[in-house]
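File shown: start18.txt (compact mmCIF, C-alpha atoms).
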# COMPACT_ATOMS: atom_id res chain seq x y z
CA MET A 1 64.22 159.14 53.90
CA ASN A 2 63.47 156.60 51.20
CA TYR A 3 61.86 153.70 53.10
CA LYS A 4 61.74 151.55 49.94
CA ASN A 5 65.55 151.49 49.85
CA LEU A 6 65.66 150.47 53.48
CA LEU A 7 63.50 147.46 52.66
CA ILE A 8 65.53 146.49 49.58
CA ILE A 9 68.94 146.47 51.32
CA PRO A 10 68.17 143.59 53.76
CA ILE A 11 66.76 141.54 50.86
CA ILE A 12 69.95 142.03 48.83
CA VAL A 13 72.10 141.05 51.83
CA PHE A 14 69.96 137.95 52.43
CA LEU A 15 70.15 136.85 48.78
CA THR A 16 73.92 137.44 48.72
CA ASN A 17 74.41 135.32 51.83
CA CYS A 18 72.29 132.53 50.35
CA THR A 19 74.35 132.52 47.16
CA GLU A 20 77.60 132.38 49.11
CA LYS A 21 76.26 129.53 51.21
CA GLU A 22 75.23 127.48 48.17
CA ASP A 23 78.60 128.04 46.48
CA ALA A 24 80.64 127.14 49.57
CA PHE A 25 82.27 123.77 50.09
CA ARG A 26 80.60 121.64 52.74
CA LYS A 27 82.39 119.22 55.02
CA ILE A 28 81.82 115.53 54.31
CA ASN A 29 80.40 114.09 57.51
CA TYR A 30 80.62 110.31 57.58
CA ASN A 31 80.30 107.89 60.46
CA LYS A 32 83.91 107.06 61.32
CA GLU A 33 82.85 103.86 63.12
CA ILE A 34 82.20 102.15 59.76
CA ASN A 35 84.28 102.02 56.59
CA VAL A 36 83.87 104.62 53.87
CA PHE A 37 82.12 102.25 51.46
CA GLU A 38 79.45 101.43 54.03
CA ASN A 39 78.82 105.16 54.34
CA ILE A 40 78.71 105.71 50.59
CA CYS A 41 76.49 102.78 49.65
CA LYS A 42 73.59 104.18 51.71
CA ASN A 43 73.04 106.94 49.16
CA LEU A 44 73.49 105.43 45.71
CA ASN A 45 70.86 106.13 43.06
CA PRO A 46 71.34 103.57 40.27
CA HIS A 47 69.57 103.26 36.94
CA LYS A 48 65.86 102.55 37.35
CA LYS A 49 66.07 99.38 35.27
CA TYR A 50 67.36 97.35 38.24
CA ASP A 51 64.77 95.49 40.32
CA TYR A 52 67.21 94.85 43.16
CA TRP A 53 70.81 95.58 44.06
CA ALA A 54 73.20 94.73 46.88
CA PHE A 55 76.47 96.45 47.78
CA ILE A 56 78.71 93.66 49.02
CA GLU A 57 81.94 93.33 50.99
CA SER A 58 83.87 90.05 50.82
CA ARG A 59 86.51 89.42 53.45
CA ASP A 60 89.30 86.85 53.45
CA PHE A 61 91.15 86.51 56.77
CA GLY A 62 93.26 83.56 55.64
CA GLU A 63 93.22 79.94 56.81
CA SER A 64 89.96 79.40 54.94
CA LYS A 65 88.13 81.99 57.03
CA LYS A 66 86.06 83.90 54.51
CA GLU A 67 82.85 85.87 54.91
CA VAL A 68 80.49 87.94 52.80
CA GLU A 69 78.34 90.81 54.06
CA ILE A 70 75.66 92.85 52.32
CA LEU A 71 76.41 96.45 53.37
CA ASN A 72 73.23 97.81 51.79
CA GLU A 73 70.47 96.52 49.54
CA LYS A 74 67.44 98.06 47.88
CA GLY A 75 64.58 96.98 45.66
CA ASN A 76 62.69 93.70 45.61
CA LEU A 77 64.33 91.77 48.46
CA GLU A 78 62.88 88.50 47.12
CA ASN A 79 65.51 88.73 44.37
CA ARG A 80 68.27 88.26 46.93
CA ASN A 81 68.09 84.51 46.31
CA LEU A 82 69.19 85.12 42.70
CA ILE A 83 72.64 86.45 43.65
CA ASP A 84 75.71 84.47 44.66
CA LEU A 85 76.83 85.29 48.20
CA ASN A 86 79.83 82.97 48.17
CA TYR A 87 83.23 84.57 48.69
CA ARG A 88 84.70 86.26 45.61
CA ARG A 89 87.81 88.39 45.59
CA GLU A 90 87.11 90.29 42.36
CA GLY A 91 85.69 93.76 42.93
CA PHE A 92 85.96 97.38 41.80
CA PHE A 93 87.98 97.94 44.99
CA VAL A 94 90.30 95.38 46.57
CA ALA A 95 92.46 96.17 49.60
CA GLY A 96 94.45 94.44 52.28
CA HIS A 97 97.69 92.59 52.87
CA HIS A 98 97.30 89.79 55.40
CA SER A 99 93.52 90.12 55.03
CA THR A 100 91.76 90.87 51.77
CA TYR A 101 88.67 93.05 51.42
CA SER A 102 86.83 93.37 48.13
CA PHE A 103 83.80 95.50 47.30
CA TYR A 104 81.34 95.00 44.45
CA ILE A 105 77.65 95.23 43.53
CA LEU A 106 75.27 92.53 42.37
CA ALA A 107 72.05 93.71 40.72
CA THR A 108 69.07 92.06 39.08
CA GLU A 109 67.03 93.11 36.07
CA LYS A 110 64.08 90.91 35.12
CA ASN A 111 65.69 87.96 36.94
CA LYS A 112 69.01 88.47 35.15
CA VAL A 113 71.99 89.07 37.45
CA HIS A 114 74.51 91.83 36.67
CA GLU A 115 77.93 91.73 38.34
CA ILE A 116 79.43 95.18 38.87
CA ARG A 117 83.11 94.49 39.57
CA ASP A 118 84.93 97.27 37.66
CA ILE A 119 84.58 101.00 37.12
CA GLU A 120 83.13 100.76 33.62
CA ASN A 121 80.28 98.52 34.76
CA LEU A 122 79.83 100.75 37.80
CA LYS A 123 79.24 103.72 35.49
CA ILE A 124 76.59 101.72 33.63
CA PHE A 125 74.98 100.75 36.93
CA LEU A 126 74.84 104.35 38.19
CA ASP A 127 73.77 105.74 34.78
CA LYS A 128 74.72 109.26 35.91
CA ILE A 129 76.29 110.89 38.94
CA ASP A 130 73.47 112.51 40.87
CA THR A 131 74.52 112.18 44.52
CA LYS A 132 77.68 113.31 46.28
CA ASP A 133 78.27 109.72 47.41
CA GLU A 134 78.38 108.52 43.82
CA ALA A 135 80.91 111.25 43.01
CA LEU A 136 82.99 110.25 46.03
CA LEU A 137 82.87 106.60 45.01
CA ILE A 138 84.31 107.46 41.58
CA ALA A 139 87.02 109.58 43.24
CA ILE A 140 88.00 106.91 45.77
CA LEU A 141 88.28 104.29 43.06
CA ASN A 142 90.77 106.64 41.40
CA GLU A 143 92.98 106.67 44.52
CA PHE A 144 91.80 109.82 46.31
CA SER A 145 91.02 109.78 50.03
CA ILE A 146 88.57 111.61 52.29
CA ASP A 147 89.99 113.45 55.29
CA ASN A 148 87.65 112.97 58.25
CA CYS A 149 89.42 115.66 60.25
CA HIS A 150 90.24 118.58 57.95
CA GLU A 151 87.85 120.27 55.53
CA GLU A 152 90.79 120.99 53.20
CA GLY A 153 90.79 117.30 52.29
CA GLY A 154 87.20 116.34 52.99
CA SER A 155 84.55 118.62 51.52
CA TYR A 156 82.35 119.01 48.44
CA ARG A 157 79.98 121.25 46.55
CA LYS A 158 77.33 120.56 43.92
CA ASN A 159 77.25 122.41 40.62
CA GLU A 160 74.81 122.14 37.74
CA SER A 161 76.81 119.59 35.76
CA ASN A 162 79.29 118.18 38.28
CA TYR A 163 80.50 117.73 41.83
CA GLU A 164 83.67 119.41 43.05
CA LEU A 165 85.48 117.55 45.81
CA LEU A 166 88.38 118.66 47.99
CA LEU A 167 90.17 115.39 48.74
CA PHE A 168 93.74 114.34 49.46
CA LYS A 169 96.53 111.96 48.66
CA SER A 170 99.11 111.04 51.26
CA SER A 171 102.85 110.71 50.73
CA VAL A 172 105.40 108.48 52.43
CA LEU A 173 106.43 111.58 54.40
CA LYS A 174 102.95 111.70 55.97
CA GLU A 175 102.10 114.85 54.05
CA ARG A 176 98.56 115.34 52.85
CA GLN A 177 98.23 117.16 49.55
CA GLN A 178 94.89 118.66 48.64
CA TYR A 179 93.34 117.93 45.24
CA LEU A 180 90.36 119.56 43.61
CA VAL A 181 88.59 116.59 42.01
CA THR A 182 85.78 117.31 39.55
CA VAL A 183 83.36 114.48 38.79
CA GLU A 184 81.00 115.19 35.91
CA ASN A 185 77.43 113.89 35.76
CA SER A 186 78.72 111.49 33.08
CA ALA A 187 81.22 110.06 35.65
CA GLU A 188 84.21 111.49 33.77
CA TRP A 189 86.62 113.13 36.18
CA ASP A 190 89.66 115.38 36.42
CA SER A 191 91.87 116.63 39.24
CA ILE A 192 94.09 119.59 40.02
CA PRO A 193 96.78 119.34 42.73
CA LYS A 194 96.58 122.08 45.33
CA LYS A 195 98.43 122.88 48.55
CA ILE A 196 100.04 120.56 51.06
CA TYR A 197 97.84 121.37 54.02
CA CYS A 198 99.07 118.91 56.64
CA GLN A 199 102.44 117.47 57.65
CA ARG A 200 103.54 114.88 60.20
CA PHE A 201 101.36 111.99 61.28
CA GLU A 202 100.36 113.32 64.69
CA LYS A 203 99.08 116.58 63.18
CA CYS A 204 97.33 115.00 60.20
CA ASP A 205 95.49 112.18 61.89
CA CYS A 206 92.76 112.94 64.42
CA ASN A 207 90.78 109.71 64.05
Could you render the structure from this file as structure tokens?
Amino acid sequence: MNYKNLLIIPIIVFLTNCTEKEDAFRKINYNKEINVFENICKNLNPHKKYDYWAFIESRDFGESKKEVEILNEKGNLENRNLIDLNYRREGFFVAGHHSTYSFYILATEKNKVHEIRDIENLKIFLDKIDTKDEALLIAILNEFSIDNCHEEGGSYRKNESNYELLLFKSSVLKERQQYLVTVENSAEWDSIPKKIYCQRFEKCDCN
């Protein structure tokens, strides 16, 4: 019996399993108790030129009830006094009907304040896409959603030059169609429609 071959076989199996694991899509696990932007902003890696940045949510509940909350901030916290924390509706994402929610970033560079309120300025702020959360942020701003319940619409994998995301869009019929969204390191993106993997509200929503 060739004992060398017996030793080689388990190594090959181990390496094969590792490769498969790295290439597999992984479920996106976010805290469902907070909104998706609050999850995402905890893992942004912007350009090193910024001394300080704050990811902000502005909320307008009508009847002059407005509030502003910093969801996450990093850098020199003394620079917080340079940014304007008064209510502003303009953001790279604005949602709501009776209430309005807007999300944006304020950053400082050598005491100069940068307002990141659209996708183009967001790309400049990020410099390149090097975390899954940055890739997801680009995808969400282009009208894709993350499924908290089903991996078919809520998973990702990292490649050398991009992130591949399995996300979904929902129809008026409560169908969820899977999309393969590719976000390049440069923040350019593309999508390919895939299968309808879920139908009817009670079967699609497990939140």
9 Å contact set for Asp147 in chain A, all atoms listed in the file, chain neighbours under 4 positions out, as a ChimeraX atom specification: /A:28,151-155,167-168,204-205
Smallest atom-to-atom distance to Leu141 in chain A: which of A:Glu175, A:Asp190, A:Glu164, A:Phe92, using all atoms listed in the file? A:Phe92
List the spatial neighbours of Cys206 in chain A as an MDAnalysis selection string - criterion: any atom at most 12 Å away, all atoms listed in the file, same-chain residues fewer than 2 positions off excluded. chainID A and resid 32 147:150 198 200:204
Which residues, written as a list in words, have at least one atom at most 6 Å from range 116-126 of chain A, with all atoms listed in the file counted and residues fewer than 6 positions away on the same chain left out? Pro46, His47, Gly91, Phe92, Tyr104 and Ile105 of chain A
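For the pair CA of Ile129 in chain A and CA of Phe37 in chain A, the separation is 16.3 Å.
Proximity ranking of A:Arg89, A:Lys158, A:His114, A:Lys49 relative to Ala135 in chain A places A:Lys158 first, based on all atoms listed in the file.
What separates CA of Lys74 in chain A from CA of Ser161 in chain A is a distance of 26.4 Å.
With all atoms listed in the file as the atoms that count, the minimum distance from Glu188 in chain A to the choices A:Asp60, A:Glu134, A:Glu115, A:Glu73 is reached by A:Glu134.
If you measure from each of A:Asn29, A:Asn81, A:Thr182, A:Asn39 to Ile138 in chain A using all atoms listed in the file, the closest one turns out to be A:Thr182.
For the pair CA of Arg176 in chain A and CA of Phe103 in chain A, the separation is 25.3 Å.
Across A:Asn45, A:Asp127, A:Phe25, A:Ile146, the tightest approach to Tyr163 in chain A is made by A:Phe25 when counting all atoms listed in the file.
Across A:Phe93, A:Trp189, A:Tyr197, A:Tyr30, the tightest approach to Ile56 in chain A is made by A:Phe93 when counting only C-alpha atoms.
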Which polymer residues have any atom within 6 Å of an atom of range 193-196 of chain A, counting all atoms listed in the file, with same-chain residues fewer than 6 positions away left out, as a PyMOL selection string? chain A and resi 176-179
Find the residues with any atom within 10 Å of (72.5, 104.8, 53.0); use only C-alpha atoms and the coordinates as given in the file, and write the answer as a list of chain:residue names. A:Glu38, A:Asn39, A:Ile40, A:Cys41, A:Lys42, A:Asn43, A:Leu44, A:Leu71, A:Asn72, A:Glu73, A:Lys74, A:Asp133
Residues proximal to (89.0, 77.7, 48.8) were defined as those with any atom within 9 Å of that point in the file's coordinates, counting all atoms listed in the file. Which are they, as a ChimeraX atom specification? /A:64,66,87
